[in-house]
Amino acid sequence: MMKELALHVLDISENSVRGDGKHIEILLREDLRDDTLVIRITDDGRGIAPDMLKTIKDPFTTTRTLRKVGLGIPFLNDTCLMCGGKLEISSTVGVGTTVTASMQYSHIDRPPVGDMPSTLMTLFSSYPDIVFRFQYEYRAAQEEEMRVFSISTEELAQILEGVPLTNPSVYMWVKEYLQENMEDLKK
Amino acid sequence: MAKIKSLEELKKIKEQAQQSVSLRVKGDNIENLVQVRVAMATCGIAAGARETMNEFIKVLNEEHMDNVVVTQTGCMGYCYAEPTIELTMPGKEPVVYGNVDKNKVHEIVEKAIKGGEMLDGIIPVTHNTVE
């Protein structure tokens, strides 16, 4: 199993990359008021055929050619079910796929969110041709309003004007930027 | 409390980076680059491939080793030995290392990349890069 939810995010996003997604949106919502945690990953990739979609939560369904098991989706599905939530996958061939994982926020078995900045930087820097958008939402137990932080690689690219995110000082800076802003949202 | 970062500051970082990059491009060519590819499928991720990749980036940054490119690849089929990496030295055949934790990252950077040595932990196969 994955130790952190951020590792699930990395793993599921890799599916979107391999499915030829050019725009990948990652939402992480920690809603303490409704006691839910939601992760949603949306891509505009080639989509999943209805037949495959029916059995996608089965470990013996995979697009891999190297061997016959694929555990990414089944792992996340198990984590959701174990934590009083569910995993929903909707997809249209040629349009894209949305994976929505929900969990009870306060569930004792819910893994920690973990290191989201590392997950995001791994994705952002490995796939410069894909536009990633990340949105983090947080609502404290006694609050009405959802606090929101978002970032896209498109807006980063506009500032960077050709300097790649793999440049070490840029990489470190953006990672710290994500860290600080995510922590700040919870204050 | 320190003020949190804003995207404004990124412009300055970019300008600094541009200066050092333009110096480098002149003296470098692509055949001289060392490539490190970290296997980043479910098996790799569960075993710590993200931390392995981060550690490579961190160490190479600290050592100012601009001639090394760190990127990722899919499952290479050695799930029992994850995290795995593929190291390609300029003009040489790729070599796959298994069980690459943070300590191994330091060893690979010091001995294999800087020193050109072969280390323990090589997965001996006729290996072809996947995708």
# chains A, B, ... in the order shown; residues from 1 in each chain; ligands from 1
>>> residues_around(residues="segment 42-54 of chain B", least_positions_apart="5", cutoff="7 Å", atoms="only C-alpha atoms", output="JSON list (two decimals) with C-alpha atoms, in the first residue's frame")
[["chain", "number", "residue", "atom", "x", "y", "z"],
["A", 1, "MET", "CA", 0.00, 0.00, 0.00],
["A", 2, "MET", "CA", 1.00, 3.61, -0.37],
["A", 7, "LEU", "CA", 1.97, 8.93, -3.57],
["A", 11, "ASP", "CA", 0.68, 7.18, -9.31],
["A", 71, "LEU", "CA", -2.21, -2.14, -8.83],
["A", 72, "GLY", "CA", -2.46, 1.64, -9.01],
["B", 79, "CYS", "CA", 9.55, -4.71, -9.09],
["B", 82, "GLU", "CA", 12.50, -1.08, -6.60],
["B", 83, "PRO", "CA", 13.39, 1.71, -6.53],
["B", 100, "VAL", "CA", 18.37, 2.65, -4.81],
["B", 101, "ASP", "CA", 17.66, 4.31, -1.48],
["B", 102, "LYS", "CA", 19.04, 7.67, -0.34],
["B", 105, "VAL", "CA", 22.00, 7.76, -4.45]]
>>> interface_residues(of="chain B", to="chain A", cutoff="10 Å", atoms="only C-alpha atoms", output="number ranges by chain")
B: 3-18, 21, 40-51, 53-54, 57-58, 60-62, 64-66, 69-77
>>> write_last_selection(atoms="C-alpha atoms", output="PDB file, in the first residue's frame")
ATOM      1  CA  LYS B   3       6.641  36.323   4.559  1.00  0.00           C
ATOM      2  CA  ILE B   4       5.614  33.474   2.294  1.00  0.00           C
ATOM      3  CA  LYS B   5       6.963  33.289  -1.217  1.00  0.00           C
ATOM      4  CA  SER B   6       5.130  34.978  -4.042  1.00  0.00           C
ATOM      5  CA  LEU B   7       5.503  34.268  -7.743  1.00  0.00           C
ATOM      6  CA  GLU B   8       7.082  37.735  -8.175  1.00  0.00           C
ATOM      7  CA  GLU B   9      10.279  36.388  -6.635  1.00  0.00           C
ATOM      8  CA  LEU B  10      10.429  33.625  -9.214  1.00  0.00           C
ATOM      9  CA  LYS B  11      11.375  36.234 -11.827  1.00  0.00           C
ATOM     10  CA  LYS B  12      14.590  36.966  -9.955  1.00  0.00           C
ATOM     11  CA  ILE B  13      15.378  33.277  -9.608  1.00  0.00           C
ATOM     12  CA  LYS B  14      14.797  32.882 -13.335  1.00  0.00           C
ATOM     13  CA  GLU B  15      17.150  35.734 -14.212  1.00  0.00           C
ATOM     14  CA  GLN B  16      19.899  34.287 -12.035  1.00  0.00           C
ATOM     15  CA  ALA B  17      19.336  30.883 -13.617  1.00  0.00           C
ATOM     16  CA  GLN B  18      19.459  32.334 -17.129  1.00  0.00           C
ATOM     17  CA  VAL B  21      22.636  28.606 -18.120  1.00  0.00           C
ATOM     18  CA  MET B  40       8.181   5.631 -11.519  1.00  0.00           C
ATOM     19  CA  ALA B  41       5.385   3.079 -11.825  1.00  0.00           C
ATOM     20  CA  THR B  42       3.150   1.910  -8.955  1.00  0.00           C
ATOM     21  CA  CYS B  43       5.813  -0.510  -7.721  1.00  0.00           C
ATOM     22  CA  GLY B  44       8.533   2.126  -7.798  1.00  0.00           C
ATOM     23  CA  ILE B  45       6.385   4.806  -6.180  1.00  0.00           C
ATOM     24  CA  ALA B  46       5.330   2.466  -3.354  1.00  0.00           C
ATOM     25  CA  ALA B  47       8.985   1.594  -2.735  1.00  0.00           C
ATOM     26  CA  GLY B  48      10.173   5.206  -2.552  1.00  0.00           C
ATOM     27  CA  ALA B  49      11.093   6.205  -6.115  1.00  0.00           C
ATOM     28  CA  ARG B  50       9.859   9.758  -5.546  1.00  0.00           C
ATOM     29  CA  GLU B  51      12.334  10.193  -2.670  1.00  0.00           C
ATOM     30  CA  MET B  53      14.429  11.115  -7.566  1.00  0.00           C
ATOM     31  CA  ASN B  54      14.290  14.019  -5.101  1.00  0.00           C
ATOM     32  CA  ILE B  57      18.042  16.355  -7.718  1.00  0.00           C
ATOM     33  CA  LYS B  58      19.094  17.617  -4.287  1.00  0.00           C
ATOM     34  CA  LEU B  60      23.278  17.131  -7.958  1.00  0.00           C
ATOM     35  CA  ASN B  61      22.160  20.660  -7.087  1.00  0.00           C
ATOM     36  CA  GLU B  62      24.463  20.778  -4.057  1.00  0.00           C
ATOM     37  CA  HIS B  64      26.582  21.829  -9.026  1.00  0.00           C
ATOM     38  CA  MET B  65      26.634  18.905 -11.417  1.00  0.00           C
ATOM     39  CA  ASP B  66      24.852  20.511 -14.339  1.00  0.00           C
ATOM     40  CA  VAL B  69      19.778  15.005 -16.351  1.00  0.00           C
ATOM     41  CA  VAL B  70      17.322  13.328 -13.985  1.00  0.00           C
ATOM     42  CA  THR B  71      14.103  12.093 -15.489  1.00  0.00           C
ATOM     43  CA  GLN B  72      11.682   9.211 -15.069  1.00  0.00           C
ATOM     44  CA  THR B  73      10.668   6.072 -16.836  1.00  0.00           C
ATOM     45  CA  GLY B  74       7.954   3.440 -16.477  1.00  0.00           C
ATOM     46  CA  CYS B  75       8.212   0.027 -14.864  1.00  0.00           C
ATOM     47  CA  MET B  76      11.307  -1.766 -16.093  1.00  0.00           C
ATOM     48  CA  GLY B  77      10.052  -5.113 -14.795  1.00  0.00           C
TER      49      GLY B  77
END
>>> select_by_dssp(residues="segment 13-155 of chain A", states="strand (DSSP E or B)", output="number ranges by chain")
A: 23-31, 36-43, 86-92, 96-104, 131-139, 147-152
>>> residues_around(residues="Val113 of chain A", least_positions_apart="3", cutoff="8 Å", atoms="only C-alpha atoms", output="number ranges by chain")
A: 4-6, 116
>>> write_last_selection(atoms="C-alpha atoms", output="mmCIF file, in the first residue's frame")
data_model
loop_
_atom_site.group_PDB
_atom_site.id
_atom_site.type_symbol
_atom_site.label_atom_id
_atom_site.label_comp_id
_atom_site.auth_asym_id
_atom_site.auth_seq_id
_atom_site.Cartn_x
_atom_site.Cartn_y
_atom_site.Cartn_z
ATOM 1 C CA GLU A 4 0.877 8.753 1.744
ATOM 2 C CA LEU A 5 -2.060 9.984 -0.299
ATOM 3 C CA ALA A 6 0.421 12.143 -2.213
ATOM 4 C CA MET A 116 2.355 16.898 -2.034
#
>>> closest_residue(among="B:Thr84, B:Gln19, B:Asn67, B:Asn103", to="Leu33 of chain B", atoms="only C-alpha atoms")
B:Asn67
>>> residues_around(residues="Ile89 of chain A", least_positions_apart="6", cutoff="9 Å", atoms="only C-alpha atoms", output="PyMOL selection string")
chain A and resi 53+56+97-101
>>> residues_around(residues="Glu86 of chain B", least_positions_apart="4", cutoff="7 Å", atoms="only C-alpha atoms", output="PyMOL selection string")
chain B and resi 36-38+94-97
>>> write_last_selection(atoms="N, CA and C atoms", output="JSON list (two decimals), in the first residue's frame")
[["chain", "number", "residue", "atom", "x", "y", "z"],
["B", 36, "VAL", "N", 20.05, 10.00, -15.78],
["B", 36, "VAL", "CA", 19.55, 9.14, -14.72],
["B", 36, "VAL", "C", 18.05, 9.04, -14.89],
["B", 37, "ARG", "N", 17.56, 7.84, -15.08],
["B", 37, "ARG", "CA", 16.11, 7.66, -15.23],
["B", 37, "ARG", "C", 15.59, 6.83, -14.06],
["B", 38, "VAL", "N", 14.64, 7.39, -13.34],
["B", 38, "VAL", "CA", 14.09, 6.71, -12.17],
["B", 38, "VAL", "C", 12.78, 6.04, -12.57],
["B", 94, "PRO", "N", 23.43, 1.71, -21.14],
["B", 94, "PRO", "CA", 22.74, 1.98, -19.87],
["B", 94, "PRO", "C", 22.97, 0.85, -18.86],
["B", 95, "VAL", "N", 23.05, 1.21, -17.58],
["B", 95, "VAL", "CA", 23.21, 0.24, -16.50],
["B", 95, "VAL", "C", 22.04, 0.44, -15.53],
["B", 96, "VAL", "N", 21.41, -0.67, -15.10],
["B", 96, "VAL", "CA", 20.29, -0.56, -14.17],
["B", 96, "VAL", "C", 20.74, -0.94, -12.76],
["B", 97, "TYR", "N", 20.47, -0.05, -11.82],
["B", 97, "TYR", "CA", 20.75, -0.34, -10.42],
["B", 97, "TYR", "C", 19.44, -0.58, -9.68]]
>>> atom_distance(atom1="atom CA of Val68 of chain B", atom2="atom CA of Lys22 of chain A")
26.5 Å
>>> select_by_dssp(residues="segment 5-154 of chain A", states="alpha helix (DSSP H)", output="VMD selection string")
chain A and resid 5 to 18 50 to 54 72 to 82 116 to 126 153 to 154
>>> write_last_selection(atoms="C-alpha atoms", output="compact mmCIF listing (two decimals), in the first residue's frame")
# COMPACT_ATOMS: atom_id res chain seq x y z
CA LEU A 5 -2.06 9.98 -0.30
CA ALA A 6 0.42 12.14 -2.21
CA LEU A 7 1.97 8.93 -3.57
CA HIS A 8 -1.44 7.84 -4.85
CA VAL A 9 -1.75 11.23 -6.54
CA LEU A 10 1.61 10.69 -8.25
CA ASP A 11 0.68 7.18 -9.31
CA ILE A 12 -2.77 8.04 -10.68
CA SER A 13 -1.40 11.12 -12.45
CA GLU A 14 1.15 8.90 -14.19
CA ASN A 15 -1.85 7.04 -15.66
CA SER A 16 -3.08 10.33 -17.11
CA VAL A 17 0.37 10.99 -18.57
CA ARG A 18 0.49 7.56 -20.15
CA PRO A 50 -16.42 1.04 -21.43
CA ASP A 51 -15.34 -2.62 -21.25
CA MET A 52 -12.11 -1.74 -19.49
CA LEU A 53 -13.88 0.72 -17.20
CA LYS A 54 -16.11 -2.07 -15.85
CA GLY A 72 -2.46 1.64 -9.01
CA ILE A 73 -6.25 1.94 -9.15
CA PRO A 74 -6.98 -1.11 -6.93
CA PHE A 75 -4.68 0.31 -4.21
CA LEU A 76 -6.46 3.64 -4.18
CA ASN A 77 -9.84 1.92 -4.31
CA ASP A 78 -8.96 -0.14 -1.23
CA THR A 79 -7.75 2.92 0.65
CA CYS A 80 -11.02 4.75 -0.09
CA LEU A 81 -13.22 1.82 0.95
CA MET A 82 -11.17 1.28 4.09
CA MET A 116 2.36 16.90 -2.03
CA PRO A 117 5.06 19.39 -3.11
CA SER A 118 7.42 16.48 -3.95
CA THR A 119 4.70 14.72 -5.90
CA LEU A 120 3.88 17.86 -7.84
CA MET A 121 7.50 18.70 -8.61
CA THR A 122 8.13 15.14 -9.80
CA LEU A 123 5.28 15.56 -12.27
CA PHE A 124 5.91 19.20 -13.24
CA SER A 125 9.60 18.70 -13.97
CA SER A 126 9.32 15.34 -15.73
CA THR A 153 2.58 25.03 -14.91
CA GLU A 154 1.28 27.40 -17.58
>>> residues_around(residues="segment 27-32 of chain A", least_positions_apart="6", cutoff="9 Å", atoms="only C-alpha atoms", output="list in words")
Val38, Ile39, Arg40, Ile41, Thr42, Tyr105, Ser106, Arg133, Phe134, Gln135, Tyr136, Glu137, Tyr138, Arg139, Ala140, Ala141, Gln142, Glu143 and Met146 of chain A
>>> residues_around(residues="Ile130 of chain A", least_positions_apart="6", cutoff="8 Å", atoms="only C-alpha atoms", output="list of chain:residue names")
A:Gly21, A:Lys22, A:His23, A:Ile24
